[in-house]
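Data from protein-v1.txt: compact mmCIF, C-alpha atoms
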```txt
# COMPACT_ATOMS: atom_id res chain seq x y z
CA MET A 1 -7.79 -6.83 28.97
CA LYS A 2 -9.58 -4.10 27.05
CA ILE A 3 -7.63 -1.39 28.84
CA ALA A 4 -4.32 -3.24 28.37
CA VAL A 5 -5.05 -3.57 24.65
CA LEU A 6 -5.99 0.10 24.42
CA ILE A 7 -2.73 1.14 26.08
CA ALA A 8 -0.60 -1.26 23.98
CA ARG A 9 -2.31 -0.19 20.75
CA THR A 10 -1.87 3.52 21.49
CA LEU A 11 1.77 3.08 22.51
CA LEU A 12 2.69 0.97 19.49
CA GLY A 13 0.75 3.26 17.15
CA LEU A 14 2.48 6.32 18.59
CA ILE A 15 5.95 4.78 18.37
CA PHE A 16 5.57 3.88 14.68
CA PHE A 17 3.68 7.05 13.76
CA VAL A 18 6.07 9.47 15.48
CA PHE A 19 9.33 7.75 14.49
CA GLY A 20 7.99 7.32 10.98
CA ILE A 21 7.21 11.02 10.57
CA ASN A 22 10.51 11.90 12.21
CA PHE A 23 12.30 10.04 9.41
CA PHE A 24 10.92 12.48 6.85
CA PHE A 25 10.93 15.71 8.90
CA ASN A 26 13.56 15.04 11.57
CA PHE A 27 11.81 17.19 14.18
CA MET A 28 13.15 15.21 17.13
CA HIS A 29 16.83 15.77 16.27
CA LEU A 30 17.73 12.40 17.74
CA ALA A 31 21.43 11.74 18.06
CA GLN A 32 22.29 8.42 16.44
CA PRO A 33 24.15 6.17 18.86
CA PRO A 34 27.47 5.04 17.40
CA LEU A 35 27.11 1.78 15.45
CA GLY A 36 29.64 -0.98 14.91
CA PRO A 37 31.11 -1.61 11.43
CA LYS A 38 28.56 -4.33 10.55
CA ALA A 39 25.59 -2.21 11.59
CA THR A 40 27.05 0.80 9.75
CA ALA A 41 27.47 -1.20 6.51
CA PHE A 42 23.97 -2.61 6.99
CA SER A 43 22.15 0.69 7.48
CA GLY A 44 24.42 2.41 4.96
CA GLY A 45 23.43 -0.15 2.34
CA LEU A 46 19.75 0.24 3.15
CA PHE A 47 19.93 4.06 3.12
CA GLY A 48 21.96 3.99 -0.11
CA SER A 49 19.21 2.11 -1.94
CA ASP A 50 17.21 5.37 -1.84
CA TYR A 51 13.88 3.57 -1.57
CA PHE A 52 14.03 1.15 1.33
CA PHE A 53 13.55 3.51 4.27
CA GLN A 54 11.08 5.65 2.33
CA VAL A 55 8.87 2.59 1.75
CA LEU A 56 9.39 1.26 5.27
CA LYS A 57 8.64 4.56 7.01
CA SER A 58 5.56 5.20 4.84
CA ILE A 59 4.25 1.78 5.91
CA GLU A 60 5.08 2.57 9.56
CA ILE A 61 3.29 5.95 9.45
CA THR A 62 0.19 4.46 7.80
CA SER A 63 0.08 1.49 10.17
CA GLY A 64 0.74 3.63 13.25
CA PHE A 65 -2.05 5.99 12.20
CA PHE A 66 -4.56 3.15 11.78
CA LEU A 67 -3.57 1.69 15.17
CA LEU A 68 -4.16 5.07 16.78
CA ILE A 69 -7.62 5.52 15.24
CA ASN A 70 -8.37 1.80 15.81
CA ARG A 71 -9.47 0.93 12.30
CA PHE A 72 -8.39 -2.33 10.61
CA THR A 73 -6.20 -2.96 13.65
CA PRO A 74 -5.69 -6.73 13.04
CA PHE A 75 -4.48 -6.06 9.49
CA PHE A 76 -2.04 -3.29 10.39
CA LEU A 77 -0.72 -5.31 13.33
CA LEU A 78 0.13 -8.04 10.85
CA VAL A 79 1.86 -5.51 8.58
CA LEU A 80 3.96 -4.32 11.53
CA LEU A 81 4.87 -7.83 12.71
CA PRO A 82 7.81 -8.48 10.32
CA ILE A 83 9.00 -4.91 10.89
CA SER A 84 8.92 -5.37 14.69
CA VAL A 85 10.74 -8.72 14.48
CA ASN A 86 13.47 -7.10 12.39
CA ILE A 87 13.81 -4.06 14.66
CA PHE A 88 14.22 -6.46 17.57
CA LEU A 89 16.80 -8.64 15.76
CA PHE A 90 18.73 -5.59 14.54
CA HIS A 91 19.10 -4.26 18.06
CA LEU A 92 19.69 -7.63 19.66
CA ILE A 93 22.46 -8.62 17.26
CA LEU A 94 23.91 -5.36 15.93
CA ALA A 95 23.03 -2.40 18.13
CA PRO A 96 22.53 -3.57 21.74
CA SER A 97 21.96 -0.02 23.01
CA GLY A 98 18.50 -0.17 21.45
CA VAL A 99 17.51 -3.55 22.89
CA PRO A 100 15.01 -2.04 25.37
CA LEU A 101 13.20 -0.24 22.54
CA GLY A 102 13.31 -3.29 20.25
CA THR A 103 12.03 -5.55 23.03
CA GLY A 104 9.29 -3.08 23.93
CA VAL A 105 8.07 -2.88 20.34
CA LEU A 106 8.09 -6.67 19.90
CA VAL A 107 6.34 -7.32 23.23
CA LEU A 108 3.58 -4.79 22.47
CA GLU A 109 3.20 -6.21 18.97
CA LEU A 110 2.99 -9.86 20.10
CA PHE A 111 0.64 -8.99 22.96
CA LEU A 112 -1.73 -7.26 20.52
CA CYS A 113 -1.51 -10.10 17.97
CA ILE A 114 -2.51 -12.54 20.72
CA ALA A 115 -5.32 -10.25 21.86
CA TYR A 116 -6.72 -10.13 18.32
CA ARG A 117 -5.99 -13.80 17.60
CA LYS A 118 -9.56 -14.69 16.61
CA TYR A 119 -9.20 -12.48 13.55
CA TYR A 120 -6.20 -14.51 12.37
CA GLN A 121 -7.63 -17.98 13.03
CA ASN A 122 -8.64 -18.78 9.45
CA VAL A 123 -5.18 -17.97 8.12
CA PHE A 124 -4.00 -21.13 9.86
CA THR A 125 -6.25 -23.47 7.85
CA ALA A 126 -4.19 -26.58 7.02
CA ASN A 127 -6.25 -27.74 4.02
CA PRO A 128 -7.89 -24.70 2.44
CA LYS A 129 -10.67 -25.14 -0.10
CA ILE A 130 -10.75 -22.78 -3.05
CA MET V 1 -9.67 -20.00 -9.94
CA LYS V 2 -8.64 -23.47 -8.74
CA ARG V 3 -6.13 -23.78 -11.56
CA THR V 4 -4.80 -20.24 -11.03
CA VAL V 5 -4.24 -20.97 -7.35
CA LEU V 6 -2.60 -24.32 -8.13
CA ILE V 7 -0.19 -22.79 -10.68
CA SER V 8 0.62 -19.79 -8.43
CA ARG V 9 1.23 -22.08 -5.49
CA ILE V 10 3.62 -24.30 -7.46
CA ILE V 11 5.54 -21.36 -9.00
CA LEU V 12 5.88 -19.52 -5.70
CA GLY V 13 6.69 -22.69 -3.75
CA LEU V 14 9.28 -23.90 -6.23
CA LEU V 15 11.02 -20.51 -6.55
CA TYR V 16 11.30 -20.07 -2.80
CA LEU V 17 12.37 -23.66 -2.21
CA ILE V 18 15.02 -23.61 -4.97
CA PHE V 19 16.46 -20.18 -4.18
CA GLY V 20 16.27 -20.90 -0.47
CA LEU V 21 18.16 -24.18 -0.79
CA ASP V 22 20.67 -22.62 -3.19
CA TYR V 23 21.72 -20.18 -0.50
CA PHE V 24 22.86 -23.05 1.69
CA LEU V 25 23.94 -25.58 -0.98
CA HIS V 26 25.15 -23.37 -3.88
CA PHE V 27 23.95 -25.42 -6.84
CA ILE V 28 22.92 -22.58 -9.20
CA PRO V 29 26.06 -21.64 -11.18
CA TYR V 30 24.86 -18.15 -12.18
CA GLN V 31 25.29 -15.57 -9.45
CA PRO V 32 24.66 -11.92 -10.33
CA GLU V 33 27.42 -9.41 -9.54
CA HIS V 34 26.16 -6.21 -7.94
CA THR V 35 28.01 -2.90 -7.91
CA GLY V 36 27.47 0.60 -6.53
CA ALA V 37 24.43 1.18 -4.30
CA THR V 38 23.13 -2.32 -5.04
CA GLY V 39 26.44 -3.91 -4.11
CA ALA V 40 26.55 -1.88 -0.88
CA LEU V 41 22.99 -2.97 -0.02
CA VAL V 42 23.61 -6.67 -0.66
CA SER V 43 26.96 -6.77 1.13
CA GLY V 44 25.48 -4.77 4.03
CA LEU V 45 22.68 -7.33 4.36
CA LYS V 46 25.02 -10.30 3.99
CA GLY V 47 27.64 -8.78 6.31
CA VAL V 48 25.39 -8.83 9.37
CA GLY V 49 25.39 -12.61 9.20
CA TYR V 50 21.86 -13.30 10.44
CA ILE V 51 19.49 -11.76 7.85
CA TYR V 52 20.18 -14.20 5.02
CA PRO V 53 20.18 -17.50 6.97
CA TYR V 54 16.97 -16.45 8.72
CA MET V 55 15.27 -15.22 5.54
CA LYS V 56 16.33 -18.25 3.50
CA THR V 57 15.13 -20.65 6.21
CA ILE V 58 11.73 -18.95 6.08
CA GLN V 59 11.75 -19.24 2.28
CA ILE V 60 12.51 -22.99 2.37
CA LEU V 61 9.83 -23.74 4.97
CA ALA V 62 7.22 -21.60 3.21
CA GLY V 63 8.19 -23.12 -0.16
CA LEU V 64 7.61 -26.62 1.24
CA CYS V 65 4.25 -25.60 2.75
CA LEU V 66 3.16 -24.16 -0.60
CA LEU V 67 4.33 -27.17 -2.62
CA PHE V 68 2.73 -29.71 -0.26
CA ASN V 69 -0.37 -27.53 0.10
CA ARG V 70 -0.32 -27.50 3.86
CA TYR V 71 -1.05 -24.19 5.63
CA ALA V 72 -0.71 -22.50 2.23
CA PRO V 73 -2.69 -19.34 3.25
CA PHE V 74 -0.29 -18.85 6.17
CA ALA V 75 2.82 -19.52 4.05
CA ALA V 76 1.61 -17.00 1.44
CA VAL V 77 1.29 -14.30 4.13
CA VAL V 78 4.70 -15.08 5.60
CA VAL V 79 6.53 -14.71 2.28
CA PHE V 80 4.56 -11.67 1.11
CA PRO V 81 6.98 -9.11 2.63
CA ILE V 82 9.85 -11.00 0.98
CA SER V 83 8.10 -11.03 -2.41
CA LEU V 84 7.37 -7.31 -2.11
CA ASN V 85 10.99 -6.53 -1.26
CA VAL V 86 12.38 -8.71 -4.06
CA PHE V 87 10.03 -6.87 -6.41
CA LEU V 88 11.12 -3.41 -5.16
CA PHE V 89 14.78 -4.40 -5.18
CA HIS V 90 14.64 -5.59 -8.78
CA THR V 91 12.37 -2.87 -10.11
CA ILE V 92 14.34 -0.03 -8.57
CA LEU V 93 17.93 -1.25 -8.28
CA VAL V 94 18.40 -4.15 -10.71
CA PRO V 95 15.88 -3.59 -13.52
CA SER V 96 17.50 -6.35 -15.61
CA GLY V 97 16.05 -8.88 -13.15
CA TRP V 98 12.56 -7.35 -13.13
CA TYR V 99 10.89 -10.65 -14.04
CA MET V 100 12.11 -12.23 -10.76
CA GLY V 101 10.12 -9.69 -8.78
CA CYS V 102 7.05 -10.19 -10.96
CA LEU V 103 7.36 -13.99 -10.77
CA LEU V 104 7.17 -13.78 -6.98
CA LEU V 105 4.80 -10.87 -6.37
CA GLY V 106 2.34 -11.91 -9.13
CA PRO V 107 1.67 -15.46 -7.85
CA ASN V 108 1.78 -14.19 -4.26
CA LEU V 109 -0.98 -11.64 -4.96
CA LEU V 110 -3.00 -14.24 -6.89
CA LEU V 111 -2.79 -16.55 -3.86
CA GLY V 112 -3.90 -13.66 -1.66
CA TRP V 113 -6.97 -13.30 -3.87
CA GLY V 114 -7.59 -17.05 -4.16
CA TYR V 115 -7.45 -17.54 -0.40
CA ARG V 116 -9.27 -14.30 0.39
CA LYS V 117 -11.95 -15.95 2.49
CA TYR V 118 -9.24 -17.15 4.87
CA TYR V 119 -7.91 -13.61 5.22
CA ALA V 120 -11.31 -11.92 5.55
CA GLY V 121 -11.14 -11.84 9.36
CA MET V 122 -7.93 -9.79 9.31
CA PHE V 123 -9.67 -7.03 7.40
CA THR V 124 -12.27 -6.35 10.07
CA ALA V 125 -12.55 -2.57 10.28
CA LYS V 126 -13.86 -2.42 13.84
CA PRO V 127 -12.65 -5.49 15.72
CA ILE V 128 -14.29 -6.36 19.02
CA LEU V 129 -12.21 -7.81 21.82
```

Could I get this file's structure written as structure tokens?
Amino acid sequence: MKIAVLIARTLLGLIFFVFGINFFFNFMHLAQPPLGPKATAFSGGLFGSDYFFQVLKSIEITSGFFLLINRFTPFFLLVLLPISVNIFLFHLILAPSGVPLGTGVLVLELFLCIAYRKYYQNVFTANPKI
Amino acid sequence: MKRTVLISRIILGLLYLIFGLDYFLHFIPYQPEHTGATGALVSGLKGVGYIYPYMKTIQILAGLCLLFNRYAPFAAVVVFPISLNVFLFHTILVPSGWYMGCLLLGPNLLLGWGYRKYYAGMFTAKPIL
């Protein structure tokens, strides 16, 4: 279990850290696969806002970095959860060529959340006392 | 603190429940018109067909949890990314609606503080498996 978590954490951290930095410096020169009209309008709108991807990628770089150095891992896994769900949905519904990547990210993410579940237990308190 | 949490919970719960239900039932007559980059962003998000129904469903469920005070710490975490993005959207792209972002992010952050003991575990620096 410990080794599986170590591998999953390093992989997920690397994916977010490297792709996050690549957004700002474009050192990987990845060719964008052609997108359908809906996906084009969707990412065009997000890019056009001039803040969305900058915020998102900064969060991904920070979270990926903390996963790699294994500090505050439960917190940064939680931060990456909505991002992973949306990457998965985007590929599943709009850009099927990326489904393997989206599935991989979501599976690693969910596996790690389950592994660290004891750190999330108290969030699920039904009747919290202030 | 009890009163602050109560008020924040009601404001956040009501806003998410009302604006969530309005998406499906269309009972608020005023709908803002967006142009330019903002219009492209909103129509891009709406055009994909799944983002809004899925986001609004989350908003309705979380709004109900907050209003009925059941699993409120969890509901506050679930809507936090939405509150943050509403805040960024309004502050950066539609400054005229800035108060909407503040009305969501403010109570959301206050709930985060009020329920901090329930979130303490997540902030463990060196978790042990």

If we count all atoms listed in the file, what is near range 13-28 of chain V at a cut-off of 8 Å, once residues fewer than 6 positions away on the same chain are taken out, given as a ChimeraX atom specification?
-> /V:56-57,59-67,104

Output the contact residues of chain A with respect to chain V at a cut-off of 10 Å, based on all atoms listed in the file, as a PyMOL selection string.
-> chain A and resi 1-2+5+37-52+55+66+70-79+82-83+86+89-90+93-94+115-130

Using only C-alpha atoms, which of the listed residues (A:Leu14, A:Ile87, A:Cys113, A:Leu30) sits closest to Leu101 in chain A?
-> A:Ile87

CA of Leu106 in chain A to CA of Leu105 in chain V, straight-line distance in Å = 26.8 Å

Fewer than 2 positions away in the same chain doesn't count, so skip those; otherwise give me all residues within 9 Å of Leu12 in chain A, counting all atoms listed in the file, as a list in words.
->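 Those residues are Ile7, Ala8, Arg9, Thr10, Leu14, Ile15, Phe16, Phe17, Gly64, Leu67, Leu68, Gly104, Val105, Leu108 and Glu109 of chain A.
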
Proximity to Ile114 in chain A - best of A:Phe23, A:Leu81, A:Leu35, A:Val99, all atoms listed in the file =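 Comparing A:Phe23, A:Leu81, A:Leu35, A:Val99 against Ile114 in chain A, the winner is A:Leu81.
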
Pick out the closest residue to Glu33 in chain V from this set: V:Val86, V:Tyr52, V:Phe68, V:Gly97. Count all atoms listed in the file.
-> V:Gly97

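Here CA of Ser63 in chain A and CA of Ser8 in chain V stand 28.3 Å from one another.
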
Just give me the gap between CA of Leu12 in chain V and CA of Pro32 in chain V in Å, one decimal is fine.
->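 Separation of CA of Leu12 in chain V and CA of Pro32 in chain V: 20.8 Å.
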
Rank nothing, just name the residue among A:Leu112, A:Leu11, A:Ile21, A:Val85 nearest to Thr62 in chain A, using only C-alpha atoms.
->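 Ranking A:Leu112, A:Leu11, A:Ile21, A:Val85 by distance to Thr62 in chain A, first place goes to A:Ile21.
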
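Checking A:Ser58, A:Gln32, A:Thr103, A:Asn26 one by one against His91 in chain A, counting only C-alpha atoms, you find the shortest gap at A:Thr103.
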